[in-house]
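Have a look at protein.csv below; it lists CSV, C-alpha atoms.
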chain,number,residue,atom,x,y,z
Q,114,MET,CA,0.0,0.0,0.0
Q,115,GLY,CA,1.5,3.3,-1.0
Q,116,LYS,CA,5.0,4.2,-2.2
Q,117,HIS,CA,7.4,1.7,-0.7
Q,118,GLY,CA,4.6,0.5,1.6
Q,119,LYS,CA,5.1,3.4,4.0
Q,120,HIS,CA,1.9,4.4,5.8
Q,121,LEU,CA,1.0,7.0,8.4
Q,122,VAL,CA,-1.7,6.6,11.0
Q,123,TRP,CA,-2.8,10.0,12.2
Q,124,ASP,CA,-4.5,10.9,15.5
Q,125,TRP,CA,-7.2,13.5,15.4
Q,126,ASN,CA,-7.8,15.4,18.6
Q,127,GLY,CA,-4.8,17.4,19.7
Q,128,THR,CA,-2.8,16.3,16.6
Q,129,LEU,CA,-4.5,17.2,13.3
Q,130,LEU,CA,-7.3,19.1,15.1
Q,131,ASP,CA,-6.0,22.0,17.2
Q,132,ASP,CA,-8.6,21.6,19.9
Q,133,ILE,CA,-6.6,21.8,23.2
Q,134,ASP,CA,-8.3,25.1,24.2
Q,135,ALA,CA,-11.7,23.5,23.6
Q,136,VAL,CA,-10.7,20.5,25.6
Q,137,ILE,CA,-9.6,22.6,28.6
Q,138,GLY,CA,-12.8,24.8,28.3
Q,139,ALA,CA,-15.0,21.7,28.2
Q,140,THR,CA,-13.1,20.0,31.0
Q,141,ASN,CA,-13.5,23.0,33.3
Q,142,ALA,CA,-17.2,23.5,32.4
Q,143,ALA,CA,-17.8,19.9,33.2
Q,144,PHE,CA,-15.8,20.2,36.5
Q,145,ALA,CA,-17.9,23.2,37.5
Q,146,GLU,CA,-21.0,21.0,37.1
Q,147,LEU,CA,-19.4,18.3,39.2
Q,148,GLY,CA,-18.1,20.6,42.0
Q,149,LEU,CA,-14.5,20.1,41.1
Q,150,GLU,CA,-11.8,22.9,41.0
Q,151,PRO,CA,-10.8,24.1,37.5
Q,152,ILE,CA,-7.6,22.9,36.0
Q,153,THR,CA,-4.9,24.7,34.1
Q,154,LEU,CA,-3.5,23.6,30.8
Q,155,ALA,CA,-0.1,22.8,32.4
Q,156,ARG,CA,-1.7,20.6,35.1
Q,157,TYR,CA,-4.0,19.0,32.5
Q,158,ARG,CA,-1.0,18.0,30.4
Q,159,ASP,CA,0.9,16.7,33.4
Q,160,LEU,CA,-2.0,14.5,34.6
Q,161,TYR,CA,-3.8,13.5,31.4
Q,162,THR,CA,-3.8,9.8,30.5
Q,163,VAL,CA,-5.9,7.2,28.6
Q,164,PRO,CA,-8.1,5.4,29.5
Q,165,VAL,CA,-9.7,8.7,30.7
Q,166,PRO,CA,-11.1,7.3,34.1
Q,167,LYS,CA,-7.4,7.1,35.1
Q,168,PHE,CA,-7.1,10.8,34.5
Q,169,TYR,CA,-9.9,11.4,36.9
Q,170,GLU,CA,-8.3,9.1,39.4
Q,171,ARG,CA,-5.2,11.2,39.3
Q,172,LEU,CA,-7.3,14.3,40.0
Q,173,MET,CA,-9.6,12.8,42.6
Q,174,GLY,CA,-7.3,10.4,44.3
Q,175,ARG,CA,-9.6,7.5,43.4
Q,176,LEU,CA,-11.3,6.0,40.4
Q,177,PRO,CA,-14.8,7.5,39.8
Q,178,THR,CA,-17.7,5.2,40.3
Q,179,ASP,CA,-19.7,4.0,37.3
Q,180,ALA,CA,-22.3,6.6,38.0
Q,181,GLU,CA,-19.8,9.4,38.5
Q,182,TRP,CA,-18.0,8.4,35.3
Q,183,GLU,CA,-21.2,8.4,33.3
Q,184,LEU,CA,-21.9,11.9,34.6
Q,185,MET,CA,-18.4,13.2,34.0
Q,186,ASP,CA,-18.1,11.8,30.5
Q,187,GLY,CA,-21.5,13.1,29.5
Q,188,ALA,CA,-20.8,16.6,30.8
Q,189,PHE,CA,-17.4,16.8,29.1
Q,190,HIS,CA,-18.7,15.7,25.7
Q,191,ARG,CA,-21.7,18.0,25.9
Q,192,HIS,CA,-19.4,21.0,26.5
Q,193,TYR,CA,-16.7,19.8,24.1
Q,194,TRP,CA,-18.9,19.4,21.0
Q,195,GLN,CA,-20.3,22.9,21.5
Q,196,ARG,CA,-16.7,24.1,21.2
Q,197,ALA,CA,-15.3,21.7,18.5
Q,198,GLU,CA,-17.1,23.4,15.7
Q,199,ASP,CA,-14.9,26.5,16.2
Q,200,CYS,CA,-11.6,24.5,16.2
Q,201,GLY,CA,-9.3,24.7,13.2
Q,202,LEU,CA,-6.7,22.3,11.9
Q,203,THR,CA,-3.2,22.4,13.4
Q,204,ILE,CA,-0.9,24.8,11.5
Q,205,GLY,CA,0.3,23.1,8.3
Q,206,ALA,CA,-1.8,20.0,8.7
Q,207,ALA,CA,-3.9,20.4,5.5
Q,208,GLU,CA,-0.8,21.1,3.4
Q,209,LEU,CA,1.1,18.1,4.9
Q,210,LEU,CA,-1.7,15.8,4.2
Q,211,ALA,CA,-2.1,17.0,0.7
Q,212,ALA,CA,1.6,16.8,-0.1
Q,213,ARG,CA,1.8,13.3,1.2
Q,214,GLN,CA,-1.1,12.1,-0.8
Q,215,ASP,CA,0.3,13.8,-3.9
Q,216,SER,CA,3.6,12.0,-3.4
Q,217,GLY,CA,1.9,8.6,-3.5
Q,218,PHE,CA,2.2,7.8,0.2
Q,219,THR,CA,-0.8,6.5,2.1
Q,220,GLN,CA,-2.3,7.7,5.4
Q,221,SER,CA,-5.3,7.0,7.6
Q,222,LEU,CA,-6.9,8.5,10.6
Q,223,LEU,CA,-7.7,6.7,13.8
Q,224,SER,CA,-9.4,8.6,16.7
Q,225,LEU,CA,-11.0,7.8,20.0
Q,226,ALA,CA,-13.6,10.6,19.2
Q,227,PRO,CA,-17.0,9.0,18.5
Q,228,HIS,CA,-17.2,7.9,14.9
Q,229,ALA,CA,-20.6,9.6,14.3
Q,230,GLU,CA,-19.2,13.0,15.3
Q,231,LEU,CA,-15.8,12.5,13.8
Q,232,ILE,CA,-16.7,11.9,10.2
Q,233,PRO,CA,-18.8,15.1,9.7
Q,234,LEU,CA,-16.0,17.2,11.3
Q,235,VAL,CA,-13.3,15.7,9.1
Q,236,ARG,CA,-15.4,16.3,6.1
Q,237,ARG,CA,-16.1,20.0,7.0
Q,238,HIS,CA,-12.3,20.5,7.2
Q,239,GLY,CA,-12.0,19.2,3.6
Q,240,ILE,CA,-9.5,16.5,4.3
Q,241,GLU,CA,-11.4,13.2,4.2
Q,242,GLU,CA,-10.1,12.4,0.7
Q,243,ARG,CA,-6.5,12.5,2.1
Q,244,PHE,CA,-7.1,9.2,4.0
Q,245,VAL,CA,-7.6,5.7,2.8
Q,246,ARG,CA,-9.6,5.1,5.9
Q,247,VAL,CA,-11.1,7.1,8.8
Q,248,ASP,CA,-12.1,5.4,12.0
Q,249,GLY,CA,-13.5,6.9,15.2
Q,250,ARG,CA,-14.5,5.2,18.3
Q,251,VAL,CA,-17.6,2.9,18.4
Q,252,GLY,CA,-18.7,1.9,21.8
Q,253,ALA,CA,-17.6,2.8,25.3
Q,254,SER,CA,-15.0,5.5,26.0
Q,255,THR,CA,-13.2,3.7,28.8
Q,256,GLU,CA,-10.6,2.0,26.6
Q,257,GLY,CA,-7.3,3.1,25.2
Q,258,LYS,CA,-6.4,3.0,21.5
Q,259,SER,CA,-4.6,-0.4,21.3
Q,260,GLY,CA,-7.6,-2.5,20.5
Q,261,HIS,CA,-8.9,0.1,18.1
Q,262,MET,CA,-5.5,0.1,16.4
Q,263,VAL,CA,-5.7,-3.6,15.8
Q,264,ARG,CA,-9.1,-3.3,14.2
Q,265,HIS,CA,-8.0,-0.3,12.1
Q,266,LEU,CA,-5.0,-2.2,10.6
Q,267,GLU,CA,-7.1,-5.2,10.0
Q,268,ALA,CA,-9.6,-3.1,8.1
Q,269,LEU,CA,-6.7,-1.5,6.1
Q,270,GLY,CA,-5.4,-4.9,5.0
Q,271,GLY,CA,-2.0,-5.6,3.6
Q,272,VAL,CA,-0.1,-3.0,5.6
Q,273,ASP,CA,3.0,-4.3,7.2
Q,274,PRO,CA,3.2,-2.8,10.8
Q,275,VAL,CA,7.0,-2.3,10.5
Q,276,ARG,CA,6.2,0.2,7.7
Q,277,ILE,CA,3.7,2.1,9.7
Q,278,VAL,CA,4.3,5.2,11.9
Q,279,VAL,CA,1.6,6.6,14.2
Q,280,ILE,CA,1.6,10.3,14.7
Q,281,GLY,CA,-0.3,11.5,17.9
Q,282,ASP,CA,-0.2,13.7,20.9
Q,283,ALA,CA,-0.6,11.2,23.7
Q,284,ALA,CA,1.4,8.4,25.3
Q,285,ASP,CA,-1.5,6.1,24.4
Q,286,ASP,CA,-0.8,6.6,20.7
Q,287,ALA,CA,2.7,5.3,21.3
Q,288,ARG,CA,1.4,2.3,23.3
Q,289,ALA,CA,-1.1,1.5,20.5
Q,290,ALA,CA,1.7,1.6,17.9
Q,291,ALA,CA,3.9,-0.7,20.0
Q,292,TYR,CA,1.0,-3.0,20.5
Q,293,VAL,CA,0.7,-3.7,16.8
Q,294,GLY,CA,4.5,-3.6,16.1
Q,295,ALA,CA,4.5,-0.1,14.5
Q,296,ARG,CA,6.5,3.0,15.3
Q,297,ALA,CA,5.3,6.3,16.8
Q,298,VAL,CA,6.2,10.0,16.8
Q,299,LEU,CA,4.5,12.2,19.5
Q,300,TYR,CA,3.6,15.9,19.0
Q,301,THR,CA,3.7,18.4,21.9
Q,302,GLY,CA,0.8,20.6,20.8
Q,303,GLY,CA,-2.0,18.5,22.4
Q,304,SER,CA,-2.8,16.7,25.6
Q,305,HIS,CA,0.6,15.9,27.1
Q,306,SER,CA,3.5,17.9,28.4
Q,307,ARG,CA,6.9,17.3,26.6
Q,308,ALA,CA,8.3,15.7,29.8
Q,309,SER,CA,5.5,13.1,29.9
Q,310,LEU,CA,5.8,12.4,26.2
Q,311,GLU,CA,9.6,12.0,26.4
Q,312,ALA,CA,9.1,9.4,29.2
Q,313,VAL,CA,7.5,7.1,26.7
Q,314,GLY,CA,10.7,6.6,24.8
Q,315,VAL,CA,9.7,7.5,21.2
Q,316,PRO,CA,10.6,10.7,19.2
Q,317,VAL,CA,8.9,13.8,20.4
Q,318,VAL,CA,8.5,16.9,18.2
Q,319,ASP,CA,7.0,20.4,18.3
Q,320,SER,CA,5.4,20.6,14.8
Q,321,LEU,CA,3.6,18.2,12.5
Q,322,ALA,CA,6.1,19.0,9.7
Q,323,GLU,CA,8.8,17.7,12.0
Q,324,ALA,CA,6.6,14.7,12.9
Q,325,VAL,CA,6.4,13.7,9.2
Q,326,ALA,CA,10.1,14.2,8.6
Q,327,VAL,CA,11.0,12.0,11.6
Q,328,ALA,CA,8.4,9.4,10.6
Q,329,GLU,CA,10.1,9.1,7.2
Q,330,GLU,CA,13.4,8.4,8.9
Q,331,LEU,CA,11.9,5.7,11.1
Q,332,VAL,CA,10.6,3.5,8.2

Could you render the structure from this file as structure tokens?
Amino acid sequence: MGKHGKHLVWDWNGTLLDDIDAVIGATNAAFAELGLEPITLARYRDLYTVPVPKFYERLMGRLPTDAEWELMDGAFHRHYWQRAEDCGLTIGAAELLAARQDSGFTQSLLSLAPHAELIPLVRRHGIEERFVRVDGRVGASTEGKSGHMVRHLEALGGVDPVRIVVIGDAADDARAAAYVGARAVLYTGGSHSRASLEAVGVPVVDSLAEAVAVAEELV
């Protein structure tokens, strides 16, 4: 698949979509409903993890109950999707995706955002045609990306994991890549601090252009 079989799997939130301000705004709006103190961007990036209930455990000192999690998750998504419409693509993302497609390389998108909301948003940004496949989350939001990555690659078919690089903004993206035998590059513009990303042990970059350049060197 693609020139020399090289393939990129892109993350969406915090990577291609510049939505970190919307995430923080939605998080704090949800926290206000729940009686929790607001969180700064720096603290969010230090504490954030996937699966998301673990993030709340770091904040609360315990895992939320099922009832608490349902309330938290619902509140966050209600506030987030009100803000997501105003989010733009990360600087240079559209141009990078177009250039890669024009060069004969393949790429796909895998996100933990709900599939039903993801697809219309990707289309509105005019980049759906850049990907051979776009997959959002179907089902509960309490899992990480590893299982989704397995299903994504199975659906792609014929892509050797050793020729795949995952580009994302979260430690979970690197874990999902390792789970299927792929490589990963992590971008600092999203959900994690640079220090927490560097602890994962994969390349960490400050722009998507750099991410693509490093990905080319990895495979």

field: Given all atoms listed in the file as the counted atoms, nearest of Q:Ile133, Q:Gly201, Q:Ala308, Q:Leu121 to Q:Val327
entry: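 Smallest distance to Q:Val327 is found for Q:Leu121.
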
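Atom pair atom CA of Q:Leu321 / atom CA of Q:Tyr300: separated by 6.9 Å.
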
Contacts of Q:Ala135 within 8 Å, only C-alpha atoms, excl. fewer than 2 positions in-chain, as a PyMOL selection string: chain Q and resi 132-133+137-139+193+196-197+200

query: Pick the closest to Q:Leu209 from Q:Lys258, Q:Arg243, Q:His192, Q:Arg236: which is it, counting all atoms listed in the file?
result: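 Looking at the shortest contact to Q:Leu209, the residue is Q:Arg243.
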
message: So that I can see what lies close to Q:Arg156, please list as a list in words the residues with an atom at most 12 Å from it, counting only C-alpha atoms and leaving out residues fewer than 5 positions away in the same chain.
response: Ile137, Glu150, Pro151, Tyr161, Thr162, Phe168, Arg171, Leu172, Ser304, His305, Ser306 and Ser309 of chain Q

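The neighbours of Q:Asp186 here are the residues that come within 12 Å of it, using all atoms listed in the file and leaving out any residue fewer than 5 positions away in the same chain; they are Ala139, Thr140, Ala142, Ala143, Phe144, Glu146, Leu147, Pro164, Val165, Pro166, Phe168, Tyr169, Pro177, Thr178, Asp179, Ala180, Glu181, Arg191, His192, Tyr193, Ala253, Ser254 and Thr255 of chain Q.
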
Taking C-alpha atoms for each residue, export the selection above as a CSV table (one decimal), keeping the file's coordinate frame.
chain,number,residue,atom,x,y,z
Q,139,ALA,CA,-15.0,21.7,28.2
Q,140,THR,CA,-13.1,20.0,31.0
Q,142,ALA,CA,-17.2,23.5,32.4
Q,143,ALA,CA,-17.8,19.9,33.2
Q,144,PHE,CA,-15.8,20.2,36.5
Q,146,GLU,CA,-21.0,21.0,37.1
Q,147,LEU,CA,-19.4,18.3,39.2
Q,164,PRO,CA,-8.1,5.4,29.5
Q,165,VAL,CA,-9.7,8.7,30.7
Q,166,PRO,CA,-11.1,7.3,34.1
Q,168,PHE,CA,-7.1,10.8,34.5
Q,169,TYR,CA,-9.9,11.4,36.9
Q,177,PRO,CA,-14.8,7.5,39.8
Q,178,THR,CA,-17.7,5.2,40.3
Q,179,ASP,CA,-19.7,4.0,37.3
Q,180,ALA,CA,-22.3,6.6,38.0
Q,181,GLU,CA,-19.8,9.4,38.5
Q,191,ARG,CA,-21.7,18.0,25.9
Q,192,HIS,CA,-19.4,21.0,26.5
Q,193,TYR,CA,-16.7,19.8,24.1
Q,253,ALA,CA,-17.6,2.8,25.3
Q,254,SER,CA,-15.0,5.5,26.0
Q,255,THR,CA,-13.2,3.7,28.8

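Take the candidates Q:Gly302, Q:Gly249, Q:Gly270, Q:Gly294 and check each one against Q:Leu225 using all atoms listed in the file; the shortest distance goes to Q:Gly249.
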
message: The residues within 10 Å of (-12.8, 4.4, 20.6), using all atoms listed in the file and the coordinates of the file, should be reported as an MDAnalysis selection string; which are they?
response: chainID Q and resid 223:228 248:262

query: Looking at all atoms listed in the file, which of Q:Val278, Q:Ala155, Q:Leu269, Q:Ala290 is the one that sits closest to Q:Lys119?
result: Q:Val278
